[in-house]
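Here is the file target-v1.cif (mmCIF, C-alpha atoms).
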data_run
loop_
_atom_site.group_PDB
_atom_site.id
_atom_site.type_symbol
_atom_site.label_atom_id
_atom_site.label_comp_id
_atom_site.auth_asym_id
_atom_site.auth_seq_id
_atom_site.Cartn_x
_atom_site.Cartn_y
_atom_site.Cartn_z
ATOM 1 C CA MET A 15 -60.517 52.888 2.639
ATOM 2 C CA ALA A 16 -57.145 54.629 2.945
ATOM 3 C CA LYS A 17 -56.268 57.144 0.208
ATOM 4 C CA ARG A 18 -53.345 56.039 -1.960
ATOM 5 C CA ILE A 19 -50.330 58.248 -2.664
ATOM 6 C CA LEU A 20 -47.308 57.681 -4.915
ATOM 7 C CA VAL A 21 -44.125 59.510 -3.850
ATOM 8 C CA VAL A 22 -41.517 59.999 -6.602
ATOM 9 C CA ASP A 23 -38.115 61.296 -5.497
ATOM 10 C CA ASP A 24 -34.575 60.246 -6.434
ATOM 11 C CA GLU A 25 -33.288 61.186 -2.973
ATOM 12 C CA ASN A 26 -33.741 58.129 -0.817
ATOM 13 C CA ASP A 27 -33.934 60.007 2.508
ATOM 14 C CA ALA A 28 -36.509 62.480 1.262
ATOM 15 C CA ARG A 29 -38.589 59.727 -0.347
ATOM 16 C CA MET A 30 -38.628 57.564 2.791
ATOM 17 C CA PHE A 31 -39.295 60.558 5.037
ATOM 18 C CA VAL A 32 -42.415 61.537 3.117
ATOM 19 C CA LYS A 33 -43.535 57.908 2.851
ATOM 20 C CA LEU A 34 -43.302 57.326 6.612
ATOM 21 C CA LEU A 35 -44.892 60.648 7.463
ATOM 22 C CA LEU A 36 -47.908 59.962 5.265
ATOM 23 C CA GLU A 37 -48.221 56.316 6.333
ATOM 24 C CA ASN A 38 -48.262 57.418 9.964
ATOM 25 C CA SER A 39 -51.191 59.654 9.099
ATOM 26 C CA GLY A 40 -53.164 56.772 7.654
ATOM 27 C CA PHE A 41 -52.375 57.017 3.939
ATOM 28 C CA LYS A 42 -51.328 54.053 1.856
ATOM 29 C CA VAL A 43 -48.027 55.079 0.251
ATOM 30 C CA VAL A 44 -45.897 53.621 -2.534
ATOM 31 C CA ALA A 45 -42.475 55.136 -3.339
ATOM 32 C CA ALA A 46 -40.557 55.294 -6.611
ATOM 33 C CA PRO A 47 -36.969 56.539 -7.174
ATOM 34 C CA GLY A 48 -37.585 58.076 -10.601
ATOM 35 C CA GLY A 49 -39.985 58.931 -13.382
ATOM 36 C CA LYS A 50 -39.566 55.698 -15.317
ATOM 37 C CA GLU A 51 -40.371 53.557 -12.270
ATOM 38 C CA ALA A 52 -43.265 55.838 -11.359
ATOM 39 C CA LEU A 53 -44.878 55.416 -14.782
ATOM 40 C CA LYS A 54 -44.628 51.624 -14.494
ATOM 41 C CA ILE A 55 -46.333 51.692 -11.082
ATOM 42 C CA LEU A 56 -48.996 54.152 -12.249
ATOM 43 C CA LYS A 57 -49.963 51.820 -15.091
ATOM 44 C CA LYS A 58 -50.550 48.935 -12.661
ATOM 45 C CA GLU A 59 -52.045 50.626 -9.597
ATOM 46 C CA LYS A 60 -54.499 53.424 -8.859
ATOM 47 C CA PHE A 61 -53.578 56.462 -6.796
ATOM 48 C CA ASN A 62 -55.395 59.490 -5.446
ATOM 49 C CA LEU A 63 -52.293 61.672 -5.532
ATOM 50 C CA VAL A 64 -48.736 61.695 -6.916
ATOM 51 C CA LEU A 65 -46.019 63.700 -5.135
ATOM 52 C CA ILE A 66 -43.191 64.425 -7.584
ATOM 53 C CA ASP A 67 -39.726 65.823 -6.914
ATOM 54 C CA PHE A 68 -39.009 68.560 -9.466
ATOM 55 C CA PHE A 69 -35.233 68.104 -9.792
ATOM 56 C CA MET A 70 -34.875 64.436 -10.705
ATOM 57 C CA PRO A 71 -32.119 63.106 -12.978
ATOM 58 C CA LYS A 72 -32.959 61.339 -16.256
ATOM 59 C CA MET A 73 -36.588 62.497 -16.206
ATOM 60 C CA SER A 74 -37.352 65.796 -14.487
ATOM 61 C CA GLY A 75 -40.525 66.160 -12.441
ATOM 62 C CA ARG A 76 -42.024 68.419 -15.099
ATOM 63 C CA VAL A 77 -41.374 65.843 -17.820
ATOM 64 C CA LEU A 78 -42.925 63.074 -15.674
ATOM 65 C CA LEU A 79 -45.981 65.247 -15.148
ATOM 66 C CA LYS A 80 -46.167 65.896 -18.885
ATOM 67 C CA LYS A 81 -46.172 62.134 -19.515
ATOM 68 C CA ILE A 82 -48.880 61.606 -16.911
ATOM 69 C CA ARG A 83 -51.028 64.307 -18.489
ATOM 70 C CA ALA A 84 -50.500 62.792 -21.942
ATOM 71 C CA ASP A 85 -51.819 59.387 -20.845
ATOM 72 C CA ASN A 86 -55.594 59.105 -21.118
ATOM 73 C CA LYS A 87 -55.849 56.742 -18.153
ATOM 74 C CA LEU A 88 -53.658 58.868 -15.884
ATOM 75 C CA LYS A 89 -54.297 62.418 -17.003
ATOM 76 C CA LYS A 90 -56.824 63.290 -14.295
ATOM 77 C CA ILE A 91 -54.686 62.152 -11.380
ATOM 78 C CA LYS A 92 -53.814 64.916 -8.909
ATOM 79 C CA CYS A 93 -50.118 65.811 -8.809
ATOM 80 C CA VAL A 94 -48.024 67.959 -6.487
ATOM 81 C CA PHE A 95 -44.371 68.987 -6.888
ATOM 82 C CA LEU A 96 -41.832 68.586 -4.087
ATOM 83 C CA THR A 97 -39.140 71.211 -4.625
ATOM 84 C CA VAL A 98 -36.500 73.487 -3.180
ATOM 85 C CA ALA A 99 -37.374 75.971 -5.910
ATOM 86 C CA ASP A 100 -39.144 79.283 -5.669
ATOM 87 C CA PHE A 101 -41.121 79.901 -8.820
ATOM 88 C CA PRO A 102 -41.547 83.425 -10.221
ATOM 89 C CA LYS A 103 -44.803 84.368 -11.968
ATOM 90 C CA ILE A 104 -43.835 82.695 -15.256
ATOM 91 C CA GLY A 105 -43.097 79.445 -13.380
ATOM 92 C CA LEU A 106 -46.361 79.607 -11.435
ATOM 93 C CA ASP A 107 -48.259 80.146 -14.695
ATOM 94 C CA MET A 108 -46.522 77.096 -16.174
ATOM 95 C CA LEU A 109 -47.431 75.016 -13.118
ATOM 96 C CA LYS A 110 -51.048 76.020 -13.552
ATOM 97 C CA LYS A 111 -50.931 75.274 -17.259
ATOM 98 C CA ILE A 112 -49.516 71.773 -16.764
ATOM 99 C CA GLY A 113 -52.117 70.995 -14.135
ATOM 100 C CA ILE A 114 -50.161 70.880 -10.906
ATOM 101 C CA SER A 115 -52.428 71.023 -7.840
ATOM 102 C CA ASP A 116 -49.846 72.561 -5.506
ATOM 103 C CA TYR A 117 -46.146 72.505 -4.666
ATOM 104 C CA ILE A 118 -44.507 71.620 -1.378
ATOM 105 C CA LYS A 119 -41.254 73.323 -0.437
ATOM 106 C CA LYS A 120 -38.152 71.459 0.669
ATOM 107 C CA PRO A 121 -36.803 71.219 3.325
ATOM 108 C CA PHE A 122 -40.050 69.647 4.487
ATOM 109 C CA ASP A 123 -42.292 70.884 7.236
ATOM 110 C CA ASN A 124 -44.312 67.878 8.486
ATOM 111 C CA GLU A 125 -47.452 69.843 9.262
ATOM 112 C CA ASP A 126 -47.286 71.692 5.961
ATOM 113 C CA ILE A 127 -47.077 68.454 3.947
ATOM 114 C CA LEU A 128 -50.013 66.869 5.790
ATOM 115 C CA LYS A 129 -52.111 70.030 5.570
ATOM 116 C CA ARG A 130 -51.570 70.365 1.829
ATOM 117 C CA VAL A 131 -52.111 66.678 1.067
ATOM 118 C CA LYS A 132 -55.334 66.574 3.126
ATOM 119 C CA LYS A 133 -56.555 69.740 1.443
ATOM 120 C CA ILE A 134 -56.186 68.084 -1.963
ATOM 121 C CA ILE A 135 -57.425 64.535 -1.316
ATOM 122 C CA GLY A 136 -59.016 64.669 2.139
ATOM 123 C CA ASN A 137 -58.130 62.494 5.121
ATOM 124 C CA MET B 7 -40.271 91.407 -32.187
ATOM 125 C CA ASN B 8 -36.833 92.965 -32.608
ATOM 126 C CA LEU B 9 -33.855 94.416 -30.789
ATOM 127 C CA ASP B 10 -36.090 97.073 -29.233
ATOM 128 C CA ALA B 11 -38.193 94.308 -27.719
ATOM 129 C CA ILE B 12 -35.068 92.632 -26.349
ATOM 130 C CA GLU B 13 -33.851 95.941 -24.925
ATOM 131 C CA LYS B 14 -37.217 96.386 -23.197
ATOM 132 C CA ILE B 15 -36.933 92.913 -21.632
ATOM 133 C CA LEU B 16 -33.344 93.466 -20.536
ATOM 134 C CA ARG B 17 -34.258 96.847 -19.081
ATOM 135 C CA GLU B 18 -37.357 95.698 -17.213
ATOM 136 C CA LYS B 19 -36.766 92.092 -16.166
ATOM 137 C CA GLN B 20 -34.357 90.937 -13.514
ATOM 138 C CA LEU B 21 -33.840 87.444 -14.969
ATOM 139 C CA SER B 22 -34.189 86.807 -18.687
ATOM 140 C CA LEU B 23 -33.756 83.769 -20.882
ATOM 141 C CA LEU B 24 -33.076 84.498 -24.552
ATOM 142 C CA VAL B 25 -33.262 81.681 -27.074
ATOM 143 C CA LEU B 26 -31.079 82.410 -30.115
ATOM 144 C CA PRO B 27 -30.955 80.542 -33.410
ATOM 145 C CA ARG B 28 -27.691 78.789 -34.288
ATOM 146 C CA LEU B 29 -27.387 80.749 -37.509
ATOM 147 C CA ASN B 30 -25.377 83.950 -36.937
ATOM 148 C CA TYR B 31 -25.251 83.113 -33.241
ATOM 149 C CA SER B 32 -22.056 85.043 -32.450
ATOM 150 C CA GLU B 33 -23.187 88.163 -34.330
ATOM 151 C CA ASN B 34 -26.480 88.131 -32.477
ATOM 152 C CA VAL B 35 -24.768 87.748 -29.117
ATOM 153 C CA VAL B 36 -22.674 90.827 -29.929
ATOM 154 C CA LYS B 37 -25.856 92.805 -30.661
ATOM 155 C CA ILE B 38 -27.319 91.800 -27.304
ATOM 156 C CA VAL B 39 -24.099 92.571 -25.443
ATOM 157 C CA LYS B 40 -24.068 96.050 -27.005
ATOM 158 C CA ILE B 41 -27.572 96.642 -25.660
ATOM 159 C CA LEU B 42 -26.554 95.362 -22.261
ATOM 160 C CA THR B 43 -23.561 97.713 -21.989
ATOM 161 C CA LYS B 44 -25.986 100.633 -22.372
ATOM 162 C CA LEU B 45 -28.112 99.375 -19.494
ATOM 163 C CA SER B 46 -25.801 98.305 -16.683
ATOM 164 C CA ASN B 47 -22.096 98.135 -15.942
ATOM 165 C CA PRO B 48 -19.923 96.349 -15.116
ATOM 166 C CA ILE B 49 -21.143 93.106 -16.646
ATOM 167 C CA CYS B 50 -19.958 89.659 -15.629
ATOM 168 C CA TYR B 51 -19.606 87.730 -18.895
ATOM 169 C CA VAL B 52 -19.660 83.963 -18.328
ATOM 170 C CA SER B 53 -18.190 82.480 -21.483
ATOM 171 C CA ALA B 54 -18.724 78.793 -22.151
ATOM 172 C CA ASN B 55 -18.119 79.069 -25.885
ATOM 173 C CA LYS B 56 -15.060 81.240 -26.392
ATOM 174 C CA PRO B 57 -11.840 81.764 -24.457
ATOM 175 C CA GLU B 58 -11.236 85.194 -22.958
ATOM 176 C CA LYS B 59 -8.654 86.086 -25.624
ATOM 177 C CA ASN B 60 -11.134 85.563 -28.495
ATOM 178 C CA LEU B 61 -13.892 87.304 -26.605
ATOM 179 C CA ILE B 62 -11.802 90.449 -26.125
ATOM 180 C CA GLU B 63 -10.860 90.395 -29.818
ATOM 181 C CA ILE B 64 -14.566 90.258 -30.687
ATOM 182 C CA PHE B 65 -15.313 93.142 -28.295
ATOM 183 C CA ASN B 66 -12.535 95.231 -29.833
ATOM 184 C CA ALA B 67 -13.626 94.440 -33.392
ATOM 185 C CA ASN B 68 -17.166 95.554 -32.585
ATOM 186 C CA GLY B 69 -16.356 98.714 -30.657
ATOM 187 C CA ILE B 70 -17.335 97.259 -27.286
ATOM 188 C CA ASP B 71 -15.293 98.531 -24.364
ATOM 189 C CA SER B 72 -13.882 95.384 -22.739
ATOM 190 C CA LYS B 73 -13.183 97.346 -19.541
ATOM 191 C CA LYS B 74 -16.919 97.217 -18.853
ATOM 192 C CA PHE B 75 -16.640 93.464 -18.263
ATOM 193 C CA VAL B 76 -15.370 91.017 -15.757
ATOM 194 C CA ILE B 77 -14.979 87.728 -17.612
ATOM 195 C CA ILE B 78 -15.395 84.192 -16.371
ATOM 196 C CA ASP B 79 -13.689 81.969 -18.919
ATOM 197 C CA CYS B 80 -14.998 78.388 -18.756
ATOM 198 C CA VAL B 81 -13.230 77.302 -21.931
ATOM 199 C CA ASP B 82 -9.470 77.799 -21.653
ATOM 200 C CA GLU B 83 -7.974 74.687 -20.032
ATOM 201 C CA LEU B 84 -4.523 76.212 -19.881
ATOM 202 C CA PRO B 85 -5.015 79.886 -19.075
ATOM 203 C CA PRO B 86 -2.217 82.325 -19.904
ATOM 204 C CA LYS B 87 0.430 82.928 -17.268
ATOM 205 C CA GLY B 88 0.393 86.138 -15.298
ATOM 206 C CA LYS B 89 -2.403 87.725 -13.353
ATOM 207 C CA ASN B 90 -5.404 89.246 -15.022
ATOM 208 C CA ASP B 91 -7.596 91.154 -12.600
ATOM 209 C CA ARG B 92 -10.665 91.058 -14.787
ATOM 210 C CA THR B 93 -10.775 87.383 -15.739
ATOM 211 C CA THR B 94 -11.394 84.255 -13.719
ATOM 212 C CA PHE B 95 -10.527 80.949 -15.352
ATOM 213 C CA VAL B 96 -12.852 78.096 -14.429
ATOM 214 C CA ARG B 97 -11.066 75.785 -16.914
ATOM 215 C CA SER B 98 -14.112 73.702 -17.892
ATOM 216 C CA PRO B 99 -17.891 74.187 -18.284
ATOM 217 C CA ALA B 100 -18.228 71.117 -16.054
ATOM 218 C CA ASN B 101 -16.839 73.002 -13.020
ATOM 219 C CA LEU B 102 -20.241 74.276 -11.880
ATOM 220 C CA PRO B 103 -19.468 74.691 -8.136
ATOM 221 C CA ILE B 104 -16.329 76.720 -8.992
ATOM 222 C CA LEU B 105 -18.338 78.716 -11.516
ATOM 223 C CA LYS B 106 -20.958 79.571 -8.877
ATOM 224 C CA THR B 107 -18.217 80.845 -6.550
ATOM 225 C CA ALA B 108 -16.698 82.871 -9.406
ATOM 226 C CA ILE B 109 -20.087 84.485 -10.163
ATOM 227 C CA LYS B 110 -20.579 85.299 -6.477
ATOM 228 C CA GLU B 111 -17.133 86.920 -6.327
ATOM 229 C CA ALA B 112 -17.836 88.884 -9.513
ATOM 230 C CA ILE B 113 -21.037 90.264 -7.977
ATOM 231 C CA GLU B 114 -19.255 91.083 -4.730
ATOM 232 C CA SER B 115 -16.632 92.950 -6.726
ATOM 233 C CA GLY B 116 -19.343 95.106 -8.309
ATOM 234 C CA ALA B 117 -20.882 93.304 -11.318
ATOM 235 C CA GLU B 118 -24.447 94.493 -11.868
ATOM 236 C CA ASN B 119 -25.470 92.047 -14.572
ATOM 237 C CA ILE B 120 -24.507 88.427 -15.238
ATOM 238 C CA PHE B 121 -24.495 87.396 -18.901
ATOM 239 C CA VAL B 122 -24.239 83.643 -19.529
ATOM 240 C CA ASP B 123 -23.132 82.626 -23.048
ATOM 241 C CA ALA B 124 -24.533 80.033 -23.312
ATOM 242 C CA ILE B 125 -26.402 78.062 -20.682
ATOM 243 C CA SER B 126 -27.135 75.394 -23.291
ATOM 244 C CA THR B 127 -23.381 74.726 -23.667
ATOM 245 C CA PHE B 128 -23.203 73.533 -20.060
ATOM 246 C CA MET B 129 -25.743 70.868 -20.982
ATOM 247 C CA ILE B 130 -23.175 69.276 -23.272
ATOM 248 C CA TYR B 131 -20.862 68.684 -20.322
ATOM 249 C CA GLU B 132 -23.364 67.855 -17.585
ATOM 250 C CA GLU B 133 -26.714 66.100 -17.387
ATOM 251 C CA GLY B 134 -29.485 68.573 -18.162
ATOM 252 C CA ILE B 135 -31.141 68.460 -14.764
ATOM 253 C CA VAL B 136 -27.773 69.177 -13.078
ATOM 254 C CA VAL B 137 -27.583 72.364 -15.142
ATOM 255 C CA VAL B 138 -31.207 73.231 -14.335
ATOM 256 C CA ARG B 139 -30.408 72.789 -10.635
ATOM 257 C CA PHE B 140 -27.302 74.951 -11.058
ATOM 258 C CA VAL B 141 -29.323 77.656 -12.813
ATOM 259 C CA HIS B 142 -31.884 77.607 -10.018
ATOM 260 C CA SER B 143 -29.096 77.972 -7.483
ATOM 261 C CA ILE B 144 -27.365 80.927 -9.207
ATOM 262 C CA ILE B 145 -30.700 82.586 -9.936
ATOM 263 C CA THR B 146 -31.639 82.381 -6.253
ATOM 264 C CA MET B 147 -28.259 83.924 -5.360
ATOM 265 C CA ILE B 148 -28.568 86.684 -7.980
ATOM 266 C CA ARG B 149 -32.111 87.552 -6.838
ATOM 267 C CA LYS B 150 -30.974 87.744 -3.204
ATOM 268 C CA MET B 151 -28.059 89.986 -4.162
ATOM 269 C CA GLY B 152 -30.398 92.272 -6.139
ATOM 270 C CA LYS B 153 -28.555 91.906 -9.456
ATOM 271 C CA LYS B 154 -29.686 91.018 -12.976
ATOM 272 C CA CYS B 155 -28.979 88.032 -15.201
ATOM 273 C CA VAL B 156 -29.335 87.170 -18.881
ATOM 274 C CA LEU B 157 -29.118 83.522 -19.887
ATOM 275 C CA ILE B 158 -28.532 82.710 -23.541
ATOM 276 C CA PHE B 159 -29.807 79.398 -24.864
ATOM 277 C CA MET B 160 -28.598 78.322 -28.308
ATOM 278 C CA ASP B 161 -31.553 76.762 -30.066
ATOM 279 C CA GLY B 162 -31.137 73.098 -30.992
ATOM 280 C CA THR B 163 -28.217 72.376 -28.647
ATOM 281 C CA ALA B 164 -30.304 70.904 -25.830
ATOM 282 C CA SER B 165 -33.783 69.447 -25.578
ATOM 283 C CA LYS B 166 -36.982 71.488 -25.542
ATOM 284 C CA ASP B 167 -37.801 69.848 -22.199
ATOM 285 C CA LEU B 168 -34.690 71.328 -20.620
ATOM 286 C CA LEU B 169 -35.535 74.719 -22.041
ATOM 287 C CA ASP B 170 -39.006 74.426 -20.503
ATOM 288 C CA ASP B 171 -37.489 73.395 -17.149
ATOM 289 C CA LEU B 172 -35.193 76.450 -17.214
ATOM 290 C CA SER B 173 -38.050 78.725 -18.234
ATOM 291 C CA MET B 174 -39.813 78.086 -14.929
ATOM 292 C CA PHE B 175 -37.243 80.046 -12.930
ATOM 293 C CA VAL B 176 -36.810 83.260 -14.913
ATOM 294 C CA ASP B 177 -38.938 86.382 -15.253
ATOM 295 C CA SER B 178 -39.025 86.436 -19.024
ATOM 296 C CA VAL B 179 -38.389 84.063 -21.924
ATOM 297 C CA TYR B 180 -37.823 85.478 -25.386
ATOM 298 C CA GLU B 181 -37.427 83.170 -28.361
ATOM 299 C CA CYS B 182 -35.648 85.068 -31.135
ATOM 300 C CA ILE B 183 -36.542 83.786 -34.547
ATOM 301 C CA LEU B 184 -34.543 84.417 -37.683
ATOM 302 C CA VAL B 185 -36.826 87.099 -39.061
ATOM 303 C CA ASP B 186 -36.090 89.169 -35.936
ATOM 304 C CA TRP B 187 -32.680 89.954 -37.268
#
Spit out the file's structure as C-alpha cells when you get a sec.
Amino acid sequence: MAKRILVVDDENDARMFVKLLLENSGFKVVAAPGGKEALKILKKEKFNLVLIDFFMPKMSGRVLLKKIRADNKLKKIKCVFLTVADFPKIGLDMLKKIGISDYIKKPFDNEDILKRVKKIIGN
Amino acid sequence: MNLDAIEKILREKQLSLLVLPRLNYSENVVKIVKILTKLSNPICYVSANKPEKNLIEIFNANGIDSKKFVIIDCVDELPPKGKNDRTTFVRSPANLPILKTAIKEAIESGAENIFVDAISTFMIYEEGIVVVRFVHSIITMIRKMGKKCVLIFMDGTASKDLLDDLSMFVDSVYECILVDW
C-alpha cells in the first residue's frame, strides 16, 4: 500500500509542486494550506509523514509541530520542515528537541526531496 | 547571570537575542549599549521605540558618544528637514523592505554591529511570522557580510511562540530576569 504524506504549505505553487512530485513517485499525498487545516485533516486521516513549511502565517510550522507533538494520537508521526532557512547550532538543537526528523531546503531539489522522504518512510 | 555574562555573549556571539523585562527597559538598554560601544564601532542602532532626537538625548545624558552610531529611525513619521548624514528615516516600523535596505547601506558604510531596539515592537505593526521572516532575511545578510547583530526582545510584548521562532536563527538567546539588574 502506498505511503501517505501530508504537505502543509501556504504557498500554493510550492505545495502543489511537492504534491505532484511525490505522487509521481508513488506516494499518496494530501495538501493543506495552513496549520489549522492540517490539524483537521490529521484528526481524520492517518499519515506516515507530514511535510511542514516553517514560515507560515497565522500558525508557524514550529507551532503546528508543537500541536502535533502535544496530541496523544498524533505525537509519534514523523515530521519534516520545508524551509528557506539555515539553522545555526541553537536552531538545530531546537529542531532535535521538538522531534523533527529532517528539514528540506527551499528552493526544492527534486532528487533531494525524494531521497530524504524515502530515507525516513521508505518507498 | 549579569552584565558580565551579557558582555561575554556580545563579545563571543555573532548573532544574539536578548530578552529584557518591561520594567526599567530603557535603562537596561542603555547599559547594554554602553557595553556594545566598548566592543565594536560604529554601531547601527535600529530604533523602533524612540525617535532619533530622543535617542541622542538619552546617549548624551548617559555619556554615550552618539558619533559612534549610525541611526535608523523607524518611529518619526515626519523627520526633521535638512540632511543628517548619520540617520536614515524609515518612517514606520511596518516598512520592513526599506528597513532591510537601510541596514544593508549602514553595513556598507562601515557599521560593524547592528543593534535592534526592539524586534518585538515590529510585531505590533506586522504579523509575527512576517517579522520572523524579516529577521531570518537580515540575519542571513549580516552573516554573509561578516558583521554582528543584537536583537532586543521586550518581554510580554509578543507571544512566547514568536520568541521561540526567532530563537531558532540566532547564535545565543539570553533571557534577562529582574534580579540580573
**OP:** Return the neighbours of chain B among the residues of chain A, cut-off 6 Å, counting only C-alpha atoms, as an MDAnalysis selection string.
**Re:** chainID A and resid 71 101 105
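Once the PyMOL selection byres ((chain B and resi 101-115) around 9) is applied to the shown structure, the selection contains Ile49, Cys50, Val52, Val76, Ile77, Ile78, Cys80, Thr94, Phe95, Val96, Arg97, Ser98, Pro99, Ala100, Gly116, Ala117, Glu118, Asn119, Ile120, Phe128, Val137, Phe140, Ser143, Ile144, Met147, Ile148, Met151 and Lys153 of chain B.
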Subject >> Selection: 12 Å around stretch 59-64 of chain B, all atoms listed in the file, excl. self and same-chain fewer than 6 positions, as a VMD selection string >> reply: chain B and resid 32 to 33 35 to 37 39 to 40 51 to 53 70 to 82 85 to 86 90 92 to 93 95 123
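A straight line drawn from atom CA of A:Val44 to atom CA of A:Asp107 is 29.3 Å long.
Residues of protein, DNA and RNA with at least one atom no farther than 7 Å from (-44.1, 66.6, -4.0) are, using all atoms listed in the file, Leu65, Ile66, Asp67, Val94, Phe95, Leu96, Thr97, Tyr117 and Ile118 of chain A.
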Original post:
Within 8 Å of stretch 156-165 of chain B, counting all atoms listed in the file, which residues qualify if same-chain residues fewer than 5 places away don't, as a PyMOL selection string?
Top reply: chain B and resi 16+21-28+31+119-127+129-130
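The interatomic distance for the pair atom CA of B:Gln20 and atom CA of B:Cys155 works out to 6.3 Å.
Atom CA of A:Phe68 to atom CA of B:Glu18 spans 28.3 Å [interatomic distance, one decimal].
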**OP:** Extract, using only C-alpha atoms, all DNA, RNA and protein residues at most 10 Å from A:Ala28, discarding same-chain residues fewer than 6 positions from it, and format them as a VMD selection string.
**Re:** chain A and resid 21 to 22 67 96 120 to 122
Subject >> Cut-off 12 Å around (-35.7, 58.3, -1.2) with only C-alpha atoms: residues as a ChimeraX atom specification >> reply: /A:21-34,44-48,66-67,70
Could you write out the selected residues, including C-alpha atoms, as a short mmCIF file (atom, residue, chain, number, x, y, z; two decimals), in the coordinates of the input?
data_model
loop_
_atom_site.label_atom_id
_atom_site.label_comp_id
_atom_site.auth_asym_id
_atom_site.auth_seq_id
_atom_site.Cartn_x
_atom_site.Cartn_y
_atom_site.Cartn_z
CA VAL A 21 -44.12 59.51 -3.85
CA VAL A 22 -41.52 60.00 -6.60
CA ASP A 23 -38.12 61.30 -5.50
CA ASP A 24 -34.58 60.25 -6.43
CA GLU A 25 -33.29 61.19 -2.97
CA ASN A 26 -33.74 58.13 -0.82
CA ASP A 27 -33.93 60.01 2.51
CA ALA A 28 -36.51 62.48 1.26
CA ARG A 29 -38.59 59.73 -0.35
CA MET A 30 -38.63 57.56 2.79
CA PHE A 31 -39.30 60.56 5.04
CA VAL A 32 -42.42 61.54 3.12
CA LYS A 33 -43.54 57.91 2.85
CA LEU A 34 -43.30 57.33 6.61
CA VAL A 44 -45.90 53.62 -2.53
CA ALA A 45 -42.48 55.14 -3.34
CA ALA A 46 -40.56 55.29 -6.61
CA PRO A 47 -36.97 56.54 -7.17
CA GLY A 48 -37.58 58.08 -10.60
CA ILE A 66 -43.19 64.42 -7.58
CA ASP A 67 -39.73 65.82 -6.91
CA MET A 70 -34.88 64.44 -10.70
#
